[in-house]
$ cat target-v2.txt   # compact mmCIF, C-alpha atoms (C1' of nucleotides)
# COMPACT_ATOMS: atom_id res chain seq x y z
CA MET A 1 45.47 -15.35 16.79
CA GLY A 2 44.27 -12.02 15.45
CA ILE A 3 41.39 -13.42 13.48
CA ALA A 4 38.77 -12.14 15.87
CA GLU A 5 40.52 -8.79 15.97
CA ARG A 6 40.54 -8.57 12.21
CA LYS A 7 36.85 -9.42 12.07
CA GLY A 8 36.12 -6.84 14.71
CA ARG A 9 38.06 -4.25 12.75
CA GLU A 10 36.28 -5.13 9.53
CA ARG A 11 32.95 -4.92 11.26
CA ALA A 12 33.70 -1.54 12.78
CA GLU A 13 34.97 -0.25 9.47
CA ARG A 14 31.85 -1.42 7.67
CA GLU A 15 29.67 0.22 10.29
CA GLN A 16 31.60 3.42 9.79
CA ARG A 17 31.04 3.19 6.04
CA ILE A 18 27.32 2.82 6.58
CA THR A 19 26.96 5.94 8.69
CA ALA A 20 29.29 7.88 6.42
CA ALA A 21 27.25 6.92 3.37
CA ALA A 22 24.02 7.77 5.15
CA ARG A 23 25.34 11.15 6.13
CA LEU A 24 26.66 11.93 2.68
CA ILE A 25 23.47 10.97 0.90
CA ALA A 26 21.34 12.83 3.44
CA GLU A 27 23.41 15.97 3.07
CA ASN A 28 23.22 15.83 -0.72
CA GLU A 29 19.71 14.56 -1.38
CA GLY A 30 17.87 14.68 1.93
CA TRP A 31 17.08 11.93 4.41
CA SER A 32 14.31 10.54 2.27
CA ALA A 33 16.94 9.39 -0.20
CA VAL A 34 18.66 7.37 2.50
CA THR A 35 17.08 3.97 1.92
CA ILE A 36 18.36 0.61 3.05
CA ARG A 37 18.77 -0.50 -0.55
CA ARG A 38 20.75 2.61 -1.40
CA LEU A 39 23.05 2.15 1.57
CA ALA A 40 23.51 -1.52 0.73
CA ASP A 41 24.52 -0.54 -2.79
CA GLU A 42 26.92 2.01 -1.42
CA ILE A 43 28.77 -0.37 0.88
CA GLU A 44 28.53 -3.20 -1.69
CA TYR A 45 26.70 -5.66 0.50
CA SER A 46 23.16 -6.97 0.43
CA GLN A 47 20.47 -5.31 2.49
CA PRO A 48 20.21 -7.77 5.38
CA VAL A 49 23.82 -7.07 6.29
CA LEU A 50 22.78 -3.64 7.48
CA TYR A 51 20.52 -5.24 10.03
CA ALA A 52 23.49 -7.05 11.52
CA HIS A 53 24.83 -3.62 12.41
CA PHE A 54 21.72 -1.58 13.19
CA GLU A 55 18.36 -2.66 14.51
CA ASN A 56 16.52 -0.57 11.96
CA ARG A 57 16.75 2.53 9.81
CA ASP A 58 16.18 4.87 12.74
CA ALA A 59 19.21 3.45 14.50
CA ILE A 60 21.35 4.51 11.56
CA VAL A 61 19.99 8.03 11.78
CA ALA A 62 20.65 7.99 15.51
CA ALA A 63 24.25 6.91 14.96
CA VAL A 64 24.77 9.82 12.59
CA ALA A 65 23.17 12.13 15.15
CA VAL A 66 25.57 11.00 17.86
CA GLU A 67 28.48 11.76 15.54
CA GLY A 68 26.96 15.18 15.04
CA PHE A 69 26.79 15.92 18.76
CA GLY A 70 30.47 15.10 19.09
CA GLU A 71 31.35 17.48 16.28
CA LEU A 72 29.06 20.20 17.59
CA ALA A 73 30.69 20.01 21.01
CA ALA A 74 34.11 20.36 19.44
CA ALA A 75 33.03 23.32 17.33
CA LEU A 76 31.55 25.10 20.35
CA ARG A 77 34.67 24.50 22.44
CA GLN A 78 36.87 25.90 19.73
CA ALA A 79 34.67 28.96 19.33
CA ALA A 80 34.81 29.60 23.06
CA HIS A 81 38.59 29.72 22.93
CA GLU A 82 38.61 32.45 20.34
CA SER A 83 37.51 35.17 22.72
CA ILE A 84 38.85 36.48 25.98
CA ASP A 85 35.91 38.09 27.70
CA HIS A 86 32.70 36.37 28.66
CA GLN A 87 30.45 38.31 26.35
CA GLY A 88 32.69 37.78 23.33
CA ALA A 89 32.91 34.06 24.03
CA LEU A 90 29.16 33.73 24.29
CA GLU A 91 28.62 35.54 21.03
CA SER A 92 31.26 33.47 19.36
CA VAL A 93 29.73 30.24 20.63
CA ALA A 94 26.27 31.30 19.53
CA MET A 95 27.46 32.17 16.06
CA ALA A 96 29.35 28.88 15.85
CA TYR A 97 26.20 27.00 16.83
CA LEU A 98 24.15 28.67 14.11
CA ALA A 99 26.91 28.21 11.57
CA PHE A 100 27.09 24.52 12.40
CA ALA A 101 23.37 24.09 11.85
CA ARG A 102 23.58 25.99 8.59
CA ALA A 103 26.60 24.09 7.30
CA HIS A 104 25.20 20.62 8.03
CA PRO A 105 21.43 20.87 7.76
CA ALA A 106 20.82 17.15 7.36
CA LEU A 107 23.11 16.33 10.26
CA TYR A 108 21.35 18.89 12.43
CA GLU A 109 18.02 17.48 11.37
CA ALA A 110 19.12 14.00 12.48
CA MET A 111 20.24 15.41 15.81
CA PHE A 112 17.06 17.28 16.63
CA THR A 113 14.06 16.50 14.51
CA MET A 114 14.61 12.82 13.75
CA ALA A 115 16.16 10.18 16.01
CA THR A 116 13.45 10.48 18.57
CA GLY A 117 15.01 7.65 20.53
CA LEU A 118 17.98 9.67 21.73
CA ARG A 119 17.37 10.64 25.32
CA PHE A 120 19.24 13.12 27.42
CA ALA A 121 19.61 13.05 31.16
CA GLU A 122 19.11 9.31 31.33
CA ALA A 123 21.39 6.57 32.46
CA ASP A 124 22.16 5.37 28.94
CA THR A 125 22.82 8.82 27.54
CA ARG A 126 25.75 8.75 25.15
CA PRO A 127 28.74 10.83 26.29
CA GLU A 128 28.65 12.87 23.09
CA LEU A 129 25.28 14.27 24.04
CA LYS A 130 26.38 15.26 27.52
CA ASP A 131 29.51 16.75 26.05
CA ALA A 132 27.62 19.11 23.76
CA PHE A 133 25.57 20.36 26.67
CA ALA A 134 28.71 20.70 28.77
CA ALA A 135 30.37 22.78 26.07
CA LEU A 136 27.48 25.21 26.20
CA ALA A 137 27.48 25.22 29.98
CA ALA A 138 31.19 26.02 29.99
CA ALA A 139 30.54 29.11 27.92
CA VAL A 140 27.58 30.23 30.01
CA GLY A 141 29.12 28.98 33.18
CA PRO A 142 30.97 31.41 35.41
CA ALA A 143 29.28 34.33 37.10
CA ARG A 144 25.91 32.70 37.28
CA THR A 145 24.25 30.85 40.10
CA ASP A 146 21.65 29.06 38.00
CA VAL A 147 24.01 27.65 35.39
CA GLU A 148 21.73 24.83 34.40
CA VAL A 149 18.68 26.99 33.82
CA ALA A 150 20.76 29.53 31.93
CA THR A 151 22.37 26.87 29.77
CA GLU A 152 19.05 25.24 28.95
CA THR A 153 17.61 28.61 28.00
CA PHE A 154 20.63 29.54 25.93
CA TRP A 155 20.49 26.23 24.13
CA ALA A 156 16.77 26.57 23.47
CA ALA A 157 17.25 30.05 22.05
CA LEU A 158 20.01 28.87 19.75
CA HIS A 159 18.08 25.82 18.63
CA GLY A 160 15.00 27.91 17.99
CA LEU A 161 16.97 30.41 15.95
CA ALA A 162 18.61 27.64 13.95
CA ASP A 163 15.31 25.89 13.27
CA LEU A 164 13.34 28.99 12.31
CA GLU A 165 16.17 30.19 10.11
CA ARG A 166 16.31 26.82 8.38
CA SER A 167 12.62 26.83 7.62
CA GLY A 168 12.80 30.41 6.38
CA ARG A 169 10.52 31.80 9.06
CA ILE A 170 12.81 34.49 10.32
CA ARG A 171 15.02 36.74 8.26
CA GLN A 172 18.52 35.54 7.50
CA GLY A 173 19.78 39.08 7.65
CA ALA A 174 19.17 40.02 11.26
CA ARG A 175 21.05 37.07 12.70
CA ALA A 176 23.73 39.09 14.48
CA GLU A 177 21.19 41.37 16.14
CA ARG A 178 19.20 38.44 17.45
CA VAL A 179 22.28 36.76 18.80
CA ARG A 180 23.32 39.96 20.55
CA LEU A 181 19.90 40.16 22.17
CA VAL A 182 20.19 36.60 23.45
CA VAL A 183 23.72 37.02 24.72
CA ASN A 184 23.03 40.32 26.47
CA CYS A 185 20.25 38.63 28.30
CA LEU A 186 22.55 35.98 29.74
CA VAL A 187 25.58 38.10 30.43
CA GLY A 188 23.63 40.94 31.95
CA PRO A 189 22.43 40.85 35.55
CA MET B 1 -30.06 27.33 -8.94
CA GLY B 2 -28.19 26.36 -5.78
CA ILE B 3 -26.69 23.18 -7.19
CA ALA B 4 -23.24 24.65 -7.53
CA GLU B 5 -23.51 26.10 -4.05
CA ARG B 6 -24.57 22.78 -2.60
CA LYS B 7 -21.65 21.06 -4.31
CA GLY B 8 -19.29 23.67 -3.04
CA ARG B 9 -20.62 23.20 0.47
CA GLU B 10 -20.29 19.44 0.26
CA ARG B 11 -16.81 19.76 -1.03
CA ALA B 12 -15.75 22.15 1.71
CA GLU B 13 -17.32 19.93 4.31
CA ARG B 14 -15.53 16.88 3.00
CA GLU B 15 -12.25 18.74 2.99
CA GLN B 16 -12.86 19.72 6.58
CA ARG B 17 -13.54 16.09 7.47
CA ILE B 18 -10.25 15.06 5.92
CA THR B 19 -8.14 17.51 7.91
CA ALA B 20 -10.11 16.80 11.07
CA ALA B 21 -9.54 13.07 10.68
CA ALA B 22 -5.86 13.61 9.93
CA ARG B 23 -5.45 15.74 13.00
CA LEU B 24 -7.30 13.33 15.26
CA ILE B 25 -5.36 10.29 14.10
CA ALA B 26 -2.06 12.16 14.31
CA GLU B 27 -2.76 13.32 17.84
CA ASN B 28 -3.75 9.82 18.94
CA GLU B 29 -1.33 7.61 17.05
CA GLY B 30 1.29 9.89 15.52
CA TRP B 31 1.63 11.21 11.98
CA SER B 32 2.95 7.91 10.68
CA ALA B 33 -0.51 6.44 11.23
CA VAL B 34 -2.04 9.10 8.98
CA THR B 35 -2.11 7.22 5.68
CA ILE B 36 -4.20 7.97 2.64
CA ARG B 37 -5.99 4.65 2.98
CA ARG B 38 -6.79 5.33 6.60
CA LEU B 39 -8.15 8.79 5.83
CA ALA B 40 -10.18 7.39 2.95
CA ASP B 41 -11.71 4.84 5.30
CA GLU B 42 -12.46 7.56 7.81
CA ILE B 43 -14.36 9.81 5.40
CA GLU B 44 -15.94 6.82 3.65
CA TYR B 45 -14.61 7.55 0.19
CA SER B 46 -12.04 5.83 -1.94
CA GLN B 47 -8.45 6.98 -1.91
CA PRO B 48 -8.34 8.94 -5.18
CA VAL B 49 -11.00 11.30 -3.85
CA LEU B 50 -8.44 12.71 -1.45
CA TYR B 51 -6.34 13.78 -4.39
CA ALA B 52 -9.22 15.88 -5.68
CA HIS B 53 -8.83 17.94 -2.54
CA PHE B 54 -5.11 17.88 -1.84
CA GLU B 55 -2.20 17.53 -4.20
CA ASN B 56 -0.49 15.00 -1.97
CA ARG B 57 -0.14 13.84 1.61
CA ASP B 58 2.09 16.76 2.55
CA ALA B 59 -0.62 19.19 1.51
CA ILE B 60 -2.94 17.60 4.06
CA VAL B 61 -0.33 18.06 6.78
CA ALA B 62 0.11 21.65 5.66
CA ALA B 63 -3.61 22.30 5.88
CA VAL B 64 -3.64 21.02 9.44
CA ALA B 65 -0.64 23.20 10.20
CA VAL B 66 -2.42 26.31 8.94
CA GLU B 67 -5.34 25.52 11.21
CA GLY B 68 -2.86 25.24 14.03
CA PHE B 69 -1.38 28.67 13.39
CA GLY B 70 -4.83 30.20 13.56
CA GLU B 71 -5.51 28.56 16.89
CA LEU B 72 -2.09 29.44 18.26
CA ALA B 73 -2.62 33.09 17.37
CA ALA B 74 -5.95 33.07 19.17
CA ALA B 75 -4.46 31.42 22.25
CA LEU B 76 -1.64 33.97 22.40
CA ARG B 77 -4.01 36.89 22.02
CA GLN B 78 -6.18 35.61 24.81
CA ALA B 79 -3.19 35.11 27.09
CA ALA B 80 -2.02 38.66 26.43
CA HIS B 81 -5.35 40.02 27.65
CA GLU B 82 -5.05 38.30 31.01
CA SER B 83 -2.37 40.63 32.31
CA ILE B 84 -2.13 44.34 32.73
CA ASP B 85 1.54 45.13 32.79
CA HIS B 86 3.97 44.37 30.00
CA GLN B 87 6.04 41.87 31.90
CA GLY B 88 3.04 39.91 33.07
CA ALA B 89 1.62 39.79 29.58
CA LEU B 90 4.87 38.52 28.14
CA GLU B 91 5.12 35.79 30.73
CA SER B 92 1.53 34.84 30.17
CA VAL B 93 2.01 34.69 26.41
CA ALA B 94 5.15 32.61 26.78
CA MET B 95 3.47 30.14 29.07
CA ALA B 96 0.50 29.93 26.72
CA TYR B 97 2.82 29.18 23.81
CA LEU B 98 4.50 26.34 25.67
CA ALA B 99 1.17 25.02 26.91
CA PHE B 100 -0.15 24.99 23.36
CA ALA B 101 2.82 22.99 22.12
CA ARG B 102 2.44 20.56 24.99
CA ALA B 103 -1.31 20.15 24.58
CA HIS B 104 -1.20 19.50 20.81
CA PRO B 105 2.15 17.87 20.08
CA ALA B 106 1.16 16.44 16.71
CA LEU B 107 -0.36 19.73 15.62
CA TYR B 108 2.78 21.58 16.67
CA GLU B 109 4.88 19.03 14.85
CA ALA B 110 2.89 19.67 11.67
CA MET B 111 3.38 23.40 12.10
CA PHE B 112 7.13 23.33 12.61
CA THR B 113 8.87 20.10 11.79
CA MET B 114 6.77 18.84 8.90
CA ALA B 115 5.04 20.88 6.22
CA THR B 116 8.25 22.24 4.82
CA GLY B 117 6.35 23.94 2.06
CA LEU B 118 4.83 26.59 4.30
CA ARG B 119 6.75 29.80 3.77
CA PHE B 120 6.62 32.95 5.80
CA ALA B 121 7.31 36.42 4.53
CA GLU B 122 6.37 35.53 0.99
CA ALA B 123 3.61 36.81 -1.22
CA ASP B 124 1.50 33.68 -0.87
CA THR B 125 1.84 33.45 2.89
CA ARG B 126 -1.45 32.42 4.46
CA PRO B 127 -2.94 35.04 6.77
CA GLU B 128 -3.00 32.59 9.68
CA LEU B 129 0.79 32.48 9.65
CA LYS B 130 1.18 36.23 9.68
CA ASP B 131 -1.43 36.44 12.39
CA ALA B 132 0.49 34.19 14.75
CA PHE B 133 3.60 36.29 14.31
CA ALA B 134 1.56 39.45 14.78
CA ALA B 135 0.12 38.13 18.03
CA LEU B 136 3.63 37.68 19.36
CA ALA B 137 4.70 41.08 18.08
CA ALA B 138 1.76 42.69 19.82
CA ALA B 139 2.91 41.27 23.13
CA VAL B 140 6.53 42.27 22.58
CA GLY B 141 5.54 45.40 20.84
CA PRO B 142 5.56 48.64 22.75
CA ALA B 143 8.61 50.15 24.34
CA ARG B 144 11.03 48.65 21.86
CA THR B 145 12.53 50.16 18.76
CA ASP B 146 13.52 46.89 17.13
CA VAL B 147 10.19 45.14 17.44
CA GLU B 148 10.85 42.75 14.60
CA VAL B 149 14.21 41.55 15.89
CA ALA B 150 12.82 41.21 19.39
CA THR B 151 9.77 39.31 18.19
CA GLU B 152 11.84 36.93 16.09
CA THR B 153 14.14 36.27 19.03
CA PHE B 154 11.25 35.79 21.42
CA TRP B 155 9.60 33.38 19.04
CA ALA B 156 12.82 31.44 18.52
CA ALA B 157 13.34 31.12 22.26
CA LEU B 158 9.81 29.86 22.77
CA HIS B 159 10.02 27.44 19.87
CA GLY B 160 13.37 26.14 21.10
CA LEU B 161 12.01 25.64 24.60
CA ALA B 162 8.95 23.84 23.25
CA ASP B 163 11.00 21.60 20.99
CA LEU B 164 13.64 20.67 23.54
CA GLU B 165 10.99 20.04 26.16
CA ARG B 166 9.10 17.80 23.78
CA SER B 167 12.15 15.70 23.00
CA GLY B 168 13.00 15.46 26.69
CA ARG B 169 16.29 17.29 26.39
CA ILE B 170 15.66 19.92 29.03
CA ARG B 171 13.97 19.39 32.36
CA GLN B 172 10.23 19.79 32.51
CA GLY B 173 10.53 21.19 36.01
CA ALA B 174 12.43 24.42 35.43
CA ARG B 175 10.03 25.76 32.83
CA ALA B 176 8.97 28.85 34.77
CA GLU B 177 12.55 29.87 35.53
CA ARG B 178 13.53 29.63 31.89
CA VAL B 179 10.53 31.64 30.79
CA ARG B 180 11.37 34.31 33.34
CA LEU B 181 14.89 34.51 32.03
CA VAL B 182 13.64 34.98 28.47
CA VAL B 183 11.05 37.55 29.41
CA ASN B 184 13.40 39.59 31.59
CA CYS B 185 15.71 39.82 28.66
CA LEU B 186 13.06 41.39 26.44
CA VAL B 187 11.40 43.62 28.95
CA GLY B 188 14.60 44.90 30.42
CA PRO B 189 16.49 47.71 28.76
C1' DT C 1 -39.35 12.14 -20.63
C1' DT C 2 -35.48 10.44 -22.65
C1' DA C 3 -30.84 10.47 -24.49
C1' DT C 4 -26.41 12.28 -24.48
C1' DA C 5 -22.56 14.56 -22.37
C1' DT C 6 -20.16 15.66 -18.38
C1' DA C 7 -18.64 15.20 -13.93
C1' DT C 8 -17.78 12.14 -10.13
C1' DT C 9 -16.18 8.06 -7.86
C1' DC C 10 -14.26 3.45 -7.71
C1' DT C 11 -11.42 -0.70 -8.85
C1' DA C 12 -7.17 -2.26 -9.70
C1' DG C 13 -2.54 -1.82 -9.95
C1' DC C 14 2.38 0.20 -10.12
C1' DA C 15 6.73 1.26 -8.00
C1' DT C 16 9.00 1.95 -3.74
C1' DT C 17 9.73 1.31 1.08
C1' DG C 18 11.42 -1.26 5.60
C1' DC C 19 12.18 -5.59 7.02
C1' DT C 20 12.68 -10.91 7.27
C1' DA C 21 12.63 -16.01 6.34
C1' DA C 22 15.09 -19.40 4.22
C1' DC C 23 18.57 -20.87 1.17
C1' DT C 24 23.59 -20.84 -0.17
C1' DT C 25 28.17 -20.15 0.37
C1' DG C 26 32.33 -19.72 2.94
C1' DT C 27 35.25 -20.79 7.17
C1' DC C 28 37.29 -23.16 10.79
C1' DA C 29 38.10 -27.04 14.17
C1' DA C 30 38.18 -32.06 14.99
C1' DT D 1 38.09 -34.80 4.95
C1' DT D 2 34.05 -33.74 7.18
C1' DG D 3 30.66 -31.62 9.78
C1' DA D 4 29.17 -27.59 12.50
C1' DC D 5 28.83 -22.83 12.52
C1' DA D 6 29.19 -18.26 10.73
C1' DA D 7 28.48 -14.94 6.95
C1' DG D 8 26.01 -13.31 3.16
C1' DT D 9 22.52 -13.61 -0.55
C1' DT D 10 18.13 -14.25 -2.93
C1' DA D 11 13.53 -13.75 -2.90
C1' DG D 12 9.54 -12.11 -1.07
C1' DC D 13 5.96 -9.94 2.25
C1' DA D 14 3.07 -6.24 3.71
C1' DA D 15 2.45 -1.40 3.62
C1' DT D 16 2.97 3.07 1.52
C1' DG D 17 1.91 7.19 -1.91
C1' DC D 18 0.00 7.82 -6.03
C1' DT D 19 -2.49 7.12 -10.74
C1' DA D 20 -4.67 5.20 -15.10
C1' DG D 21 -8.78 3.65 -16.77
C1' DA D 22 -13.28 1.60 -15.98
C1' DA D 23 -17.82 2.42 -14.04
C1' DT D 24 -21.32 5.03 -12.18
C1' DA D 25 -24.04 8.97 -11.08
C1' DT D 26 -25.59 13.56 -12.46
C1' DA D 27 -26.85 17.49 -15.18
C1' DT D 28 -28.21 19.36 -19.70
C1' DA D 29 -30.45 19.23 -24.24
C1' DA D 30 -33.87 17.31 -27.44

$ encode --input "target-v2.txt" --output "structure tokens"
Amino acid sequence: MGIAERKGRERAEREQRITAAARLIAENEGWSAVTIRRLADEIEYSQPVLYAHFENRDAIVAAVAVEGFGELAAALRQAAHESIDHQGALESVAMAYLAFARAHPALYEAMFTMATGLRFAEADTRPELKDAFAALAAAVGPARTDVEVATETFWAALHGLADLERSGRIRQGARAERVRLVVNCLVGP
Amino acid sequence: MGIAERKGRERAEREQRITAAARLIAENEGWSAVTIRRLADEIEYSQPVLYAHFENRDAIVAAVAVEGFGELAAALRQAAHESIDHQGALESVAMAYLAFARAHPALYEAMFTMATGLRFAEADTRPELKDAFAALAAAVGPARTDVEVATETFWAALHGLADLERSGRIRQGARAERVRLVVNCLVGP
DNA sequence: TTATATATTCTAGCATTGCTAACTTGTCAA
DNA sequence: TTGACAAGTTAGCAATGCTAGAATATATAA
């Protein structure tokens, strides 16, 4: 009997609607507008139902963040394919990273400044998180001995650029120059 | 008559006590523990008094953040003095930046992830903010034509490293290697 | 010195938040 | 049909940021 299956499907679908609503509201009105009551309204259930899916509000943010890491990894992989040489690929990936952060500010915020519970390099690390790092490593990868150090540094530079651009602390105009500086550093010696 | 002066002094002192209490509580228990009621208790006044000093809670966070920028600038300047050659100074400054973020996580959080109202490169930008940027620029400074681009990139790399280290997304161990990679990139050609 | 006006500070309360206990309704097997 | 269990709702708690209006202290004028 497919009753259990149907219930499982319904549950998964409802969970999906919760994160989708959270993401939409956050992107339009900021994360502070994402309240349990608002989400309950949106999915047309009462508030306690949300707690049958997520332990608390932070867990909803974390779920959105995990989605984001999956999408970021995909975007980076696609950008890497658009160039032939190493340097071009790195520049392309870097620009794609910054464009991603700019296009989905609330999503990026969930991925990096909220959701403090999401750990990397642990046993329970979600595959999406590893995948995003791997996508960066693939672009940095060849022709370096210290791939991990280089990837971490590349990632940090990109994240820093994205964050300082978002908060208006560095000029929007000079983006390409800054990216070139970062990429030259990695592709160089 | 020094009545007005005395009142001004008392007012300034009370304001100082508010930000000091906010900072202390944040550093010990996180920013979520910094509530208006808690601060009111701490300075031994009722809650509305706080609103005679700051427009809202965010303004208190912002005030702490400004303090932080002043201290960061000082720390960077001091680090720059400890080396003779350019490369050494840059490495020293970078390490001092990361150490600052690690030593005062709540303060750093106020400076970069909260306090969204603080703008750079605007007319009303507080001098402390410009000073921190200037301290970095002074270290990057000579021997480059594009000082501003280089400084922005340097800053972004440091901020990214600090942020990803804080959230446990890059290894604490390889800090020196990453810093070397960043510095080599700026000092190089 | 005393009375009035002004400035200062407090009490009390509102609306909103995340979250939960306890009731009610629906569902399925015996 | 009935009784056990699951699913969902109502109602409410404690905490938050913030504010109106009462109460008190302080400075100025008579």

$ residues_around --input "target-v2.txt" --residues "DG12 of chain D" --least-positions-apart "5" --cutoff "12 Å" --atoms "only C-alpha atoms (C1' of nucleotides)" --output "mmCIF file with C-alpha atoms (C1' of nucleotides), in the frame of the given file"
data_model
loop_
_atom_site.group_PDB
_atom_site.id
_atom_site.type_symbol
_atom_site.label_atom_id
_atom_site.label_comp_id
_atom_site.auth_asym_id
_atom_site.auth_seq_id
_atom_site.Cartn_x
_atom_site.Cartn_y
_atom_site.Cartn_z
ATOM 1 C "C1'" DC C 19 12.180 -5.590 7.020
ATOM 2 C "C1'" DT C 20 12.680 -10.910 7.270
ATOM 3 C "C1'" DA C 21 12.630 -16.010 6.340
ATOM 4 C "C1'" DA C 22 15.090 -19.400 4.220
#

$ residues_around --input "target-v2.txt" --residues "DA7 of chain D" --least-positions-apart "5" --cutoff "10 Å" --atoms "all atoms listed in the file" --output "number ranges by chain"
A: 49; C: 25-27

$ residues_near_point --input "target-v2.txt" --point "(-24.6, 12.3, -23.9)" --cutoff "12 Å" --atoms "all atoms listed in the file" --output "PyMOL selection string"
(chain C and resi 2-7) or (chain D and resi 26-30)

$ interface_residues --input "target-v2.txt" --of "chain C" --to "chain B" --cutoff "10 Å" --atoms "all atoms listed in the file" --output "MDAnalysis selection string"
chainID C and resid 8:11

$ write_last_selection --input "target-v2.txt" --atoms "C-alpha atoms (C1' of nucleotides)" --output "mmCIF file, in the frame of the given file"
data_model
loop_
_atom_site.group_PDB
_atom_site.id
_atom_site.type_symbol
_atom_site.label_atom_id
_atom_site.label_comp_id
_atom_site.auth_asym_id
_atom_site.auth_seq_id
_atom_site.Cartn_x
_atom_site.Cartn_y
_atom_site.Cartn_z
ATOM 1 C "C1'" DT C 8 -17.780 12.140 -10.130
ATOM 2 C "C1'" DT C 9 -16.180 8.060 -7.860
ATOM 3 C "C1'" DC C 10 -14.260 3.450 -7.710
ATOM 4 C "C1'" DT C 11 -11.420 -0.700 -8.850
#

$ atom_distance --input "target-v2.txt" --atom1 "atom C1' of DT2 of chain D" --atom2 "atom C1' of DA30 of chain C"
9.0 Å

$ interface_residues --input "target-v2.txt" --of "chain A" --to "chain B" --cutoff "8 Å" --atoms "all atoms listed in the file" --output "list in words"
Thr113, Thr116, Arg119, Phe120, Ala121, Val149, Ala150, Glu152, Thr153, Trp155, Ala156, Ala157, Leu158, His159, Gly160, Leu161, Leu164, Ser167, Gly168, Arg169, Ile170, Ala174, Glu177, Arg178, Leu181, Val182, Asn184, Cys185 and Leu186 of chain A

$ residues_near_point --input "target-v2.txt" --point "(8.0, 0.2, 0.7)" --cutoff "8 Å" --atoms "only C-alpha atoms (C1' of nucleotides)" --output "tab-separated table (two decimals) with C-alpha atoms (C1' of nucleotides), in the coordinates of the input"
chain	number	residue	atom	x	y	z
C	16	DT	C1'	9.00	1.95	-3.74
C	17	DT	C1'	9.73	1.31	1.08
C	18	DG	C1'	11.42	-1.26	5.60
D	15	DA	C1'	2.45	-1.40	3.62
D	16	DT	C1'	2.97	3.07	1.52

$ interface_residues --input "target-v2.txt" --of "chain D" --to "chain A" --cutoff "12 Å" --atoms "only C-alpha atoms (C1' of nucleotides)" --output "list of chain:residue names"
D:DA6, D:DA7, D:DG8, D:DT9, D:DT10

$ atom_distance --input "target-v2.txt" --atom1 "atom CA of Glu44 of chain B" --atom2 "atom CA of Leu24 of chain B"
15.9 Å

$ atom_distance --input "target-v2.txt" --atom1 "atom CA of Ala75 of chain A" --atom2 "atom CA of Asp131 of chain A"
11.5 Å
